[in-house]
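Notes for the one structure printed next.
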Amino acid sequence: MASSKYKYESICLLSAFALGAIAKNETINGYNFFLWGPKLDQPKSQYEHDAADIALSLLKKRLGSEPLPDLPTDNVAAVLKLKQDLGTERLKELLAPDMDDADKFWHGVINKSTSAWESPVAAEAHGVVFLPNLNVTQFAAWYESKYADMANLAANPEHYVKETTQIAGGLTSKILEGWGGVTTNFTFPSFGAPDRGKDPFLPELQDYPIQQAGDKVLRDGTRFGVLHLALRSVSGAEYEQPHDGFEVFSTVWYQNGADDDHLDHERRHMVIEIVNLTLQAQKDIESGALSS
């Protein structure tokens with residue numbers, strides 16, 4: 001790692017160890033995050049405001065002439081309040097045309113693909129986080145708790161619905177969310193230990209002791225993607241931090257008909273999620289909502 005001291009009030013660049021990627025050191029809510037993955041080189045806040053523009057424009061379009069509630073001037077706060085005011089069922093109703101468009105989009109990706117799942121493409125995002133009251137084990141437990149669903153609307157402006165249930169060996173979720181405006185209604189029938197017999201393209205990631213993976217399935221039963229989440233503890237000394245942290249490594253795999261413009265929307269989407277979800281987990285640990 002770089003030997004010079006980091007200036008935490010600004011965004012700095014450093015080599016991201018063996019990956020050859022570039023990590024950005026950002027101070028967010030007073031905490032240090034090292035983030036990498038997207039090709040579009042912007043801070044997390046810009047990714048989030050851009051996503052909020054997409055979500056707010058979409059909801060206003062679907063509402064048409066219906067009056068809007070009083071909304072904050074900040075677009076991230078505004079779209080969150082609008083989603084909260086509309087509620088789950090109204091959001092599903094409003095976004096029904098967009099779900100249909102997304103189904104067509106994903107079937108188009110599949111139809112353009114040349115090798116099914118033999119040579120899929122990936123969108124990857126990494127976040128190394130240093131939060132004083134949250135370790136990797138606590139975050140993994142929080143992610144499987146009801147509090148993760150409760151945090152979903154605020155975790156990303158393009159999140160609309162997430163309903164998760166515990167099942168044997170993992171989780172199952174019904175989700176409505178968008179990536180660059182591709183607003184998709186899908187499920188994770190099962191999200192648990194990676195099945196590399198079924199999906200040999202999933203890397204082993206032996207340095208990441210906590211891993212989960214699951215199929216992303218459209219309403220008609222078509223598998224259109226695979227999500228792979230990997231977590232590990234990180235030494236604070238490695239990043240010149242006063243205490244240890246952990247890394248969230250999130251990858252979504254698609255057939256090779258998915259273009260890189262879409263994949264980069266997903267990379268940005270995952271960076272936003274990593275920051276917002278870990279911050280909320282920290283709050284829930286501090287408050288005692290989730291026992292540490």
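Labeling convention for the structure tokens: chains A, B, ... as they appear, residues from 1 per chain, ligands from 1 in order of appearance.
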Selection near range 82-87 of chain A, 9 Å with only C-alpha atoms, sequence-local residues under 6 positions removed, as a VMD selection string:
chain A and resid 56 59 68 to 71 153 160 to 161
What would the file look like if the residues just selected were written as a PDB file, in the first residue's frame with N, CA, C and O atoms?
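Written file, again_5.pdb:
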ATOM      1  N   LEU A  56     -36.363   9.577  -9.512  1.00  0.00           N
ATOM      2  CA  LEU A  56     -37.346  10.647  -9.320  1.00  0.00           C
ATOM      3  C   LEU A  56     -38.051  10.974 -10.625  1.00  0.00           C
ATOM      4  O   LEU A  56     -39.279  11.160 -10.658  1.00  0.00           O
ATOM      5  N   LEU A  59     -40.603   8.135 -11.357  1.00  0.00           N
ATOM      6  CA  LEU A  59     -41.805   8.176 -10.534  1.00  0.00           C
ATOM      7  C   LEU A  59     -42.698   9.366 -10.896  1.00  0.00           C
ATOM      8  O   LEU A  59     -43.922   9.235 -10.951  1.00  0.00           O
ATOM      9  N   LEU A  68     -47.792  16.002  -6.197  1.00  0.00           N
ATOM     10  CA  LEU A  68     -46.706  15.441  -5.410  1.00  0.00           C
ATOM     11  C   LEU A  68     -46.781  15.949  -3.980  1.00  0.00           C
ATOM     12  O   LEU A  68     -47.235  17.074  -3.727  1.00  0.00           O
ATOM     13  N   PRO A  69     -46.340  15.158  -3.020  1.00  0.00           N
ATOM     14  CA  PRO A  69     -46.208  15.692  -1.658  1.00  0.00           C
ATOM     15  C   PRO A  69     -45.083  16.712  -1.611  1.00  0.00           C
ATOM     16  O   PRO A  69     -44.285  16.823  -2.539  1.00  0.00           O
ATOM     17  N   ASP A  70     -45.026  17.459  -0.525  1.00  0.00           N
ATOM     18  CA  ASP A  70     -43.891  18.363  -0.340  1.00  0.00           C
ATOM     19  C   ASP A  70     -42.627  17.519  -0.208  1.00  0.00           C
ATOM     20  O   ASP A  70     -42.566  16.599   0.626  1.00  0.00           O
ATOM     21  N   LEU A  71     -41.637  17.822  -1.024  1.00  0.00           N
ATOM     22  CA  LEU A  71     -40.422  17.025  -1.054  1.00  0.00           C
ATOM     23  C   LEU A  71     -39.208  17.876  -0.717  1.00  0.00           C
ATOM     24  O   LEU A  71     -39.167  19.071  -1.044  1.00  0.00           O
ATOM     25  N   LEU A 153     -35.097   0.827   1.160  1.00  0.00           N
ATOM     26  CA  LEU A 153     -35.507   2.007   0.389  1.00  0.00           C
ATOM     27  C   LEU A 153     -34.427   3.079   0.389  1.00  0.00           C
ATOM     28  O   LEU A 153     -34.191   3.731  -0.634  1.00  0.00           O
ATOM     29  N   TYR A 160     -36.997  -0.070  -4.694  1.00  0.00           N
ATOM     30  CA  TYR A 160     -38.430   0.180  -4.519  1.00  0.00           C
ATOM     31  C   TYR A 160     -39.086  -0.813  -3.567  1.00  0.00           C
ATOM     32  O   TYR A 160     -39.893  -0.413  -2.733  1.00  0.00           O
ATOM     33  N   VAL A 161     -38.768  -2.099  -3.691  1.00  0.00           N
ATOM     34  CA  VAL A 161     -39.390  -3.127  -2.858  1.00  0.00           C
ATOM     35  C   VAL A 161     -38.360  -4.214  -2.570  1.00  0.00           C
ATOM     36  O   VAL A 161     -37.615  -4.620  -3.469  1.00  0.00           O
TER      37      VAL A 161
END
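Residues surrounding Asp260 in chain A within 12 Å are Pro38, Lys39, Leu40, Val109, Val121, Ala122, Ala123, Glu124, Trp253, Tyr254, Gln255, His265, Glu266 and Arg267 of chain A [only C-alpha atoms; sequence separation below 5 positions excluded].
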Can you tell me which residues surround range 48-51 of chain A at a distance of at most 8 Å, considering only C-alpha atoms, apart from same-chain residues fewer than 5 positions away, and format the answer as JSON, numbers by chain?
{"A": [75, 76, 156, 157, 158, 180, 269, 272]}
Selection export as a PDB file, in the first residue's frame, atoms kept: all heavy atoms:
ATOM      1  N   ASN A  75     -32.226  15.726  -4.071  1.00  0.00           N
ATOM      2  CA  ASN A  75     -32.960  14.709  -4.828  1.00  0.00           C
ATOM      3  C   ASN A  75     -32.906  13.325  -4.188  1.00  0.00           C
ATOM      4  O   ASN A  75     -33.851  12.541  -4.336  1.00  0.00           O
ATOM      5  CB  ASN A  75     -32.505  14.670  -6.288  1.00  0.00           C
ATOM      6  CG  ASN A  75     -31.077  14.205  -6.494  1.00  0.00           C
ATOM      7  OD1 ASN A  75     -30.297  14.090  -5.554  1.00  0.00           O
ATOM      8  ND2 ASN A  75     -30.722  13.945  -7.747  1.00  0.00           N
ATOM      9  N   VAL A  76     -31.829  13.006  -3.472  1.00  0.00           N
ATOM     10  CA  VAL A  76     -31.754  11.707  -2.794  1.00  0.00           C
ATOM     11  C   VAL A  76     -32.805  11.641  -1.684  1.00  0.00           C
ATOM     12  O   VAL A  76     -33.546  10.656  -1.557  1.00  0.00           O
ATOM     13  CB  VAL A  76     -30.343  11.458  -2.230  1.00  0.00           C
ATOM     14  CG1 VAL A  76     -30.309  10.181  -1.387  1.00  0.00           C
ATOM     15  CG2 VAL A  76     -29.328  11.371  -3.368  1.00  0.00           C
ATOM     16  N   ASN A 156     -30.488   2.692  -1.756  1.00  0.00           N
ATOM     17  CA  ASN A 156     -30.209   3.125  -3.126  1.00  0.00           C
ATOM     18  C   ASN A 156     -31.455   3.812  -3.668  1.00  0.00           C
ATOM     19  O   ASN A 156     -32.577   3.314  -3.469  1.00  0.00           O
ATOM     20  CB  ASN A 156     -29.836   1.928  -4.003  1.00  0.00           C
ATOM     21  CG  ASN A 156     -29.288   2.359  -5.355  1.00  0.00           C
ATOM     22  OD1 ASN A 156     -30.001   2.897  -6.190  1.00  0.00           O
ATOM     23  ND2 ASN A 156     -28.001   2.117  -5.566  1.00  0.00           N
ATOM     24  N   PRO A 157     -31.315   4.934  -4.360  1.00  0.00           N
ATOM     25  CA  PRO A 157     -32.512   5.605  -4.898  1.00  0.00           C
ATOM     26  C   PRO A 157     -33.340   4.732  -5.831  1.00  0.00           C
ATOM     27  O   PRO A 157     -34.561   4.938  -5.948  1.00  0.00           O
ATOM     28  CB  PRO A 157     -31.923   6.807  -5.650  1.00  0.00           C
ATOM     29  CG  PRO A 157     -30.646   7.094  -4.934  1.00  0.00           C
ATOM     30  CD  PRO A 157     -30.097   5.745  -4.566  1.00  0.00           C
ATOM     31  N   GLU A 158     -32.702   3.760  -6.509  1.00  0.00           N
ATOM     32  CA  GLU A 158     -33.442   2.896  -7.420  1.00  0.00           C
ATOM     33  C   GLU A 158     -33.945   1.613  -6.747  1.00  0.00           C
ATOM     34  O   GLU A 158     -34.313   0.657  -7.432  1.00  0.00           O
ATOM     35  CB  GLU A 158     -32.589   2.554  -8.643  1.00  0.00           C
ATOM     36  CG  GLU A 158     -32.395   3.717  -9.599  1.00  0.00           C
ATOM     37  CD  GLU A 158     -31.923   3.263 -10.963  1.00  0.00           C
ATOM     38  OE1 GLU A 158     -32.761   2.881 -11.792  1.00  0.00           O
ATOM     39  OE2 GLU A 158     -30.693   3.283 -11.187  1.00  0.00           O
ATOM     40  N   GLY A 180     -29.690   1.938 -13.569  1.00  0.00           N
ATOM     41  CA  GLY A 180     -29.693   2.843 -14.711  1.00  0.00           C
ATOM     42  C   GLY A 180     -31.037   2.920 -15.400  1.00  0.00           C
ATOM     43  O   GLY A 180     -31.118   3.189 -16.592  1.00  0.00           O
ATOM     44  N   HIS A 269     -24.239   1.165  -8.625  1.00  0.00           N
ATOM     45  CA  HIS A 269     -25.350   0.793  -7.760  1.00  0.00           C
ATOM     46  C   HIS A 269     -24.830   0.047  -6.529  1.00  0.00           C
ATOM     47  O   HIS A 269     -25.236   0.329  -5.390  1.00  0.00           O
ATOM     48  CB  HIS A 269     -26.317  -0.091  -8.562  1.00  0.00           C
ATOM     49  CG  HIS A 269     -27.550  -0.508  -7.837  1.00  0.00           C
ATOM     50  ND1 HIS A 269     -28.793   0.005  -8.136  1.00  0.00           N
ATOM     51  CD2 HIS A 269     -27.753  -1.410  -6.843  1.00  0.00           C
ATOM     52  CE1 HIS A 269     -29.705  -0.557  -7.360  1.00  0.00           C
ATOM     53  NE2 HIS A 269     -29.092  -1.427  -6.563  1.00  0.00           N
ATOM     54  N   ILE A 272     -22.955   2.287  -3.979  1.00  0.00           N
ATOM     55  CA  ILE A 272     -23.920   3.025  -3.149  1.00  0.00           C
ATOM     56  C   ILE A 272     -24.461   2.118  -2.048  1.00  0.00           C
ATOM     57  O   ILE A 272     -24.536   2.504  -0.873  1.00  0.00           O
ATOM     58  CB  ILE A 272     -25.082   3.554  -4.016  1.00  0.00           C
ATOM     59  CG1 ILE A 272     -24.580   4.541  -5.065  1.00  0.00           C
ATOM     60  CG2 ILE A 272     -26.143   4.227  -3.134  1.00  0.00           C
ATOM     61  CD1 ILE A 272     -25.609   4.845  -6.163  1.00  0.00           C
TER      62      ILE A 272
END
Residue set, range 66-153 of chain A restricted to strand (DSSP E), as a PDB file with N, CA, C and O atoms, in the first residue's frame:
ATOM      1  N   VAL A 121     -20.358 -12.429 -18.127  1.00  0.00           N
ATOM      2  CA  VAL A 121     -19.644 -11.194 -17.818  1.00  0.00           C
ATOM      3  C   VAL A 121     -20.067 -10.729 -16.430  1.00  0.00           C
ATOM      4  O   VAL A 121     -21.159 -11.059 -15.949  1.00  0.00           O
ATOM      5  N   ALA A 122     -19.209  -9.949 -15.797  1.00  0.00           N
ATOM      6  CA  ALA A 122     -19.429  -9.593 -14.399  1.00  0.00           C
ATOM      7  C   ALA A 122     -19.341  -8.095 -14.176  1.00  0.00           C
ATOM      8  O   ALA A 122     -18.536  -7.401 -14.799  1.00  0.00           O
ATOM      9  N   ALA A 123     -20.172  -7.608 -13.268  1.00  0.00           N
ATOM     10  CA  ALA A 123     -20.019  -6.278 -12.681  1.00  0.00           C
ATOM     11  C   ALA A 123     -19.570  -6.482 -11.244  1.00  0.00           C
ATOM     12  O   ALA A 123     -20.226  -7.204 -10.479  1.00  0.00           O
ATOM     13  N   GLU A 124     -18.440  -5.889 -10.877  1.00  0.00           N
ATOM     14  CA  GLU A 124     -17.870  -6.071  -9.544  1.00  0.00           C
ATOM     15  C   GLU A 124     -17.780  -4.729  -8.830  1.00  0.00           C
ATOM     16  O   GLU A 124     -17.514  -3.694  -9.447  1.00  0.00           O
ATOM     17  N   ALA A 125     -17.977  -4.767  -7.528  1.00  0.00           N
ATOM     18  CA  ALA A 125     -17.770  -3.584  -6.694  1.00  0.00           C
ATOM     19  C   ALA A 125     -17.198  -4.027  -5.359  1.00  0.00           C
ATOM     20  O   ALA A 125     -17.578  -5.070  -4.811  1.00  0.00           O
ATOM     21  N   HIS A 126     -16.259  -3.227  -4.863  1.00  0.00           N
ATOM     22  CA  HIS A 126     -15.604  -3.515  -3.589  1.00  0.00           C
ATOM     23  C   HIS A 126     -15.735  -2.299  -2.674  1.00  0.00           C
ATOM     24  O   HIS A 126     -15.638  -1.149  -3.122  1.00  0.00           O
ATOM     25  N   GLY A 127     -15.906  -2.585  -1.405  1.00  0.00           N
ATOM     26  CA  GLY A 127     -15.831  -1.540  -0.400  1.00  0.00           C
ATOM     27  C   GLY A 127     -15.108  -2.067   0.818  1.00  0.00           C
ATOM     28  O   GLY A 127     -15.497  -3.095   1.377  1.00  0.00           O
ATOM     29  N   VAL A 128     -14.017  -1.408   1.206  1.00  0.00           N
ATOM     30  CA  VAL A 128     -13.342  -1.704   2.465  1.00  0.00           C
ATOM     31  C   VAL A 128     -13.759  -0.609   3.434  1.00  0.00           C
ATOM     32  O   VAL A 128     -13.547   0.583   3.170  1.00  0.00           O
ATOM     33  N   VAL A 129     -14.377  -1.019   4.533  1.00  0.00           N
ATOM     34  CA  VAL A 129     -15.003  -0.057   5.442  1.00  0.00           C
ATOM     35  C   VAL A 129     -14.370  -0.159   6.822  1.00  0.00           C
ATOM     36  O   VAL A 129     -13.997  -1.249   7.272  1.00  0.00           O
ATOM     37  N   PHE A 130     -14.266   0.996   7.481  1.00  0.00           N
ATOM     38  CA  PHE A 130     -13.703   1.058   8.824  1.00  0.00           C
ATOM     39  C   PHE A 130     -14.703   1.784   9.717  1.00  0.00           C
ATOM     40  O   PHE A 130     -14.743   3.013   9.756  1.00  0.00           O
TER      41      PHE A 130
END
Point to revise | DSSP-assigned helix (DSSP H, G or I) among range 51-117 of chain A, expressed as a PyMOL selection string | key: chain A and resi 51-63+75-94+96-112
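Those residues that approach Ala230 in chain A to within 7 Å, counting only C-alpha atoms, are Tyr208, Ile210, Gln211, Gln212, Val248, Phe249 and Ser250 of chain A; same-chain residues fewer than 6 positions away are not listed.
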Generate a file of the selected residues that holds C-alpha atoms, formatted as a PDB file, in the first residue's frame.
ATOM      1  CA  TYR A 208     -13.219 -14.516   1.953  1.00  0.00           C
ATOM      2  CA  ILE A 210     -18.220 -15.513   4.393  1.00  0.00           C
ATOM      3  CA  GLN A 211     -19.878 -15.995   0.999  1.00  0.00           C
ATOM      4  CA  GLN A 212     -23.406 -16.170  -0.365  1.00  0.00           C
ATOM      5  CA  VAL A 248     -17.600  -6.246   1.001  1.00  0.00           C
ATOM      6  CA  PHE A 249     -16.983  -7.734  -2.463  1.00  0.00           C
ATOM      7  CA  SER A 250     -20.172  -7.848  -4.528  1.00  0.00           C
TER       8      SER A 250
END
Shortest interatomic distance to Glu247 in chain A - which of A:Lys162, A:Lys92, A:Arg62, A:Arg232, counting only C-alpha atoms:
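Using only C-alpha atoms, Glu247 in chain A sits closest to A:Arg232.
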Considering only C-alpha atoms, can you say which of A:Gln280, A:Ala78, A:Leu131, A:Ala289 comes closest to Pro242 in chain A?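 Comparing A:Gln280, A:Ala78, A:Leu131, A:Ala289 against Pro242 in chain A, the winner is A:Leu131.
For the pair CA of Trp36 in chain A and CA of Lys24 in chain A, the separation is 6.4 Å.
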Applying 9 Å and only C-alpha atoms, which residues near Asp100 in chain A remain after dropping the ones on its own chain fewer than 4 positions away? List them as a PyMOL selection string. chain A and resi 95-96+104-105+183-185
Counting only C-alpha atoms, the option among A:Pro67, A:Gly214, A:Gly170, A:Pro120 closest to Asn256 in chain A:
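The answer is A:Pro120, which sits nearest to Asn256 in chain A.
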